[in-house]
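Right, one structure below, let's go through it.
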Amino acid sequence: MTQRSTRPKKTNTPSFAQAPVPRLVRALFLPRWAGLATSALLACSAHAQTPGTSTPDPRENASEATLSEVRVTATMTPGEAVPSERTRSYTVERSASATRLNLSPRETPQSVSVVTREQIEDFKLNTINDVLDNTPGIVVEKVETDRTYYTSRGFDINNFQVDGIGVPLTYGNISGQIDTAIYDRIEVVRGANGLSSGTGNPSATINFIRKRPTADFQASAGLTLGSWDYRRLDADVSGPLNAAGTLRGRVVAAGLDKDSYLDRYEQKKSLFYGILEADLSDATLLTFGHTLEDGRSKNPMWGALPMYYTDGTPTHYDVSTNPAADWSYWNVKTQSTFAELAHRFTNDWQVKGTLTHNRTDSDSKLFYVYGTPDRATGLGLFAYPSEYAGVTRQDIADINATGPFTLAGRKHELVVGASWARSTLEDESNYGRGIGTPIQDLATWTGNYPEPAFDASVDGSQFTEYRRSAYAAVRINPTDAVKLVFGANATAVEERGTSYGVSRRKSESAVSPYAGVIYDFTPNLSAYASYTDIFNPQHEIDINRQTLAPIKGNNKEVGLKGEFFDKRLNASLAVFRTKQDNVAEAAGYLGTDTYYRGVDALSQGYELELAGNITSRLQATAGYTQLSIEDKDGHDVRTFTPRRLLRVTTTYRVPTIERLKVGASLQWRDSTYREPAADVTIRQSAYTLVNLMARYDFTDKVSATLNINNVTDRKYLTSLYWDQAYYGAPRHALLSLNVKY
């Protein structure tokens, strides 16, 4: 199905250089090199501009005069959808994350959730952890302050994409906290998705959709202050760089400096994103972009708090307790450079090639606390200091072609493509002297531990992983009411090298078929069913330090989907059943390394979701998940995962005070537990977190937002993914001032 959009070729709207940029906007670009990059963009467009005015924001006074624009129609590039920052909605009309075909949520035979730019800004979801904590069916496993795992339907999420291009996770987790300032939206496809991601992991695929340059000049800046000395600056400038509008650019920058509710823990972050688009012709678009995110943490956790005493009873520390030493730090710098070339043929076929280079540098001195404390004295814990440095490099290439074809007098769609990825990791751990030194009770811990020399021993990793995939998908429309989606992804994974004394040499390959059917009861209501095989290589080691064999299985899903109010509101019901063999589950420690056992698991359950505009004033997303996860003998496994999960987010524009918008988000999760030793159970009871927001628009261009999180001040553990854990943030507030131009 071909979609039409408008792309201006000649316009009277101002460019970067011609439009007046307030000093505040320029001042808020942090760090300094972001401002220099902005100045370079301004300079390169200063020579050829004509006067004009930009199109006002949809929320601005409709009476403001605008000059007419000269526009031509152009076909969207593959997978393109209207940016959510333009719609200001809590849903999208189209997504290509599930099948690589640009389909509406109702036409997609899988569960799809979207967190849009409007929701991100309303609730200040400035990190990916914040976003996924507000996404139906997703569990954020914050095992440490600076390292996070994600799960869905009971299984780990290790399929990440940026603009639909897969990004392999070397260790299956995220170090640091990914900032969301550069993304228009985050799309989540739940269930196995080997068709677009290369491996059929049955949890979910997370697709980050970047912001793109705009045809009209726009600029915005924000200042946020909050609890524990939270200070954040954001700036975003976009627009044409020449009179014809055939060259467009965008720069996004952010700076963060904050303390924490955790003792001694501090964070600093700087972010820069620049992107250029050039119309090489009416049918060819070249895009180039670069992202740099630099995060620095002082006194971060490595591991967390012990969860039980020697008598098996649970520990109860203060929410602020942090076992880190006062000299510890963890710095992570991530860079990504990408180039895209898309060409549209006259028969509505489109070809797009993408090249991406990612690099992550990590540098840290960390302090791990292990052991089991005595209930009376709190003693029984020991020190494990280590110095760590590592670099991960990734090169990714993808090329695909999408377009319509006619068969038996009806129009159908096809996508074919291939991808290649190489990931190389080199790291080194230098262990500190004094490992095993007893430390004091954590209830009185101040972080005062002498920094040792890090020359006791050394270990590390040096390995390379190659992934090669070829994929194809077709949507056949045999009747007006029936749509069929078939596809397959052939993936080969090869590794060589070692990681902490364990060989990473392996070679695996498989073909993951995909099949889906959609039946339209009415133009607004459909039923669907889908099936896909699961093939997912693993990096986890067993007790013998051998890498676990790949996960294999299948995923089945059936459901109902509806779209209402001119596609402004989407609703869905999904019933799923996933069978997996040899799923990695943490089973203990070899020193500080976690070892795993492979378990056969059957996950089944259902999900309900609603997202979009219920009325012109009321926006909402709501999702409920209920599932069971059992082994082949019917015993519960992965008990750290909540079996029931409810997420609700809503905002309302107050009719008697038109400039006031209020909202709330609620997260409820069922109780979880794990049994780390005989007769020992760590348990987190069911809990509810409530966040509130209010935004007041002083003018069409200036607004202020107040966010209060965890308003009931609930004490809870962030995760039971490991035997150690820590407590989530107590009640806190953020106040933001936002200016746009």
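Just so we're on the same page: first chain in the structure tokens is A, next is B, and so on; residues restart at 1 for each chain, and ligands are numbered from 1 in the order they show up.
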Just the residues within 9 Å of A:Ile120, please, counting only C-alpha atoms, with nothing from its chain fewer than 3 positions along; format it as a ChimeraX atom specification. /A:115-117,123-126,130-131,180,185
Taking 6 positions as the minimum chain separation for residues in the same chain, which residues sit within 7 Å of stretch 422-428 of chain A when counting only C-alpha atoms? Answer as a list in words. Tyr388, Ala389, Gly390, Val391, Thr392, Arg393, Gln394, Asp395, Ile396, Asp459, Gly460, Ser461, Gln462, Phe463, Thr464, Glu465, Tyr466 and Arg467 of chain A
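Shortest separation to A:Leu646 among A:Ile138, A:Val369, A:Leu247, A:Ala278 occurs at residue A:Ile138, atoms counted being only C-alpha atoms.
Nearest to A:Leu548 of all the residues A:Lys365, A:Arg212, A:Arg597, A:His290 is A:Arg597, counting only C-alpha atoms.
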Among listed residues A:Arg232, A:Arg505, A:His316, A:Arg153, nearest A:Pro642 (using only C-alpha atoms): A:Arg153
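Residue nearest A:Met693, chosen from A:Ser386, A:Gln119, A:Gln604, A:Thr148 and counting only C-alpha atoms: A:Gln119.
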From stretch 200-404 of chain A, collect each residue whose DSSP state is strand (DSSP E or B) and return the set as a ChimeraX atom specification. /A:204-210,218-226,230-240,247-258,266-281,284-298,305,308,314,329-344,350-371,381-404
Which residues, written as a ChimeraX atom specification, have at least one atom at most 7 Å from A:Tyr519, with only C-alpha atoms counted and residues fewer than 5 positions away on the same chain left out? /A:481-483,526-528
File dump, residues just selected, C-alpha atoms, as a short mmCIF file (atom, residue, chain, number, x, y, z; two decimals), in the first residue's frame:
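Below you can see out-v8.cif, which holds the result:
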```cif
data_model
loop_
_atom_site.label_atom_id
_atom_site.label_comp_id
_atom_site.auth_asym_id
_atom_site.auth_seq_id
_atom_site.Cartn_x
_atom_site.Cartn_y
_atom_site.Cartn_z
CA ALA A 481 -11.70 -8.30 4.13
CA VAL A 482 -8.76 -10.72 4.28
CA LYS A 483 -5.05 -9.84 4.41
CA SER A 526 -10.37 -6.86 12.80
CA ALA A 527 -9.33 -10.28 14.07
CA TYR A 528 -5.79 -11.55 13.56
#
```
Need the shell around A:Ser281: protein/DNA/RNA residues with any atom at most 10 Å away, counting only C-alpha atoms. Skip same-chain ones fewer than 5 positions apart. Format as a ChimeraX atom specification? /A:246,286,343
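Considering only C-alpha atoms, the residue among A:Ser628, A:Asn570, A:Ser530, A:Gln580 positioned nearest to A:Leu608 is A:Asn570.
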Under the rule of at most 12 Å, produce a per-residue listing of stretch 91-149 of chain A near stretch 293-301 of chain A: chain, number, name, the closest pair of atoms, and the distance in Å, as JSON lines, using only C-alpha atoms.
```
{"residue": "A:Lys142", "atom": "CA", "partner": "A:Met301", "partner_atom": "CA", "distance": 10.9}
{"residue": "A:Val143", "atom": "CA", "partner": "A:Met301", "partner_atom": "CA", "distance": 9.1}
{"residue": "A:Glu144", "atom": "CA", "partner": "A:Met301", "partner_atom": "CA", "distance": 5.6}
{"residue": "A:Thr145", "atom": "CA", "partner": "A:Met301", "partner_atom": "CA", "distance": 5.6}
{"residue": "A:Asp146", "atom": "CA", "partner": "A:Pro300", "partner_atom": "CA", "distance": 6.8}
{"residue": "A:Arg147", "atom": "CA", "partner": "A:Met301", "partner_atom": "CA", "distance": 9.0}
{"residue": "A:Thr148", "atom": "CA", "partner": "A:Met301", "partner_atom": "CA", "distance": 11.8}
```
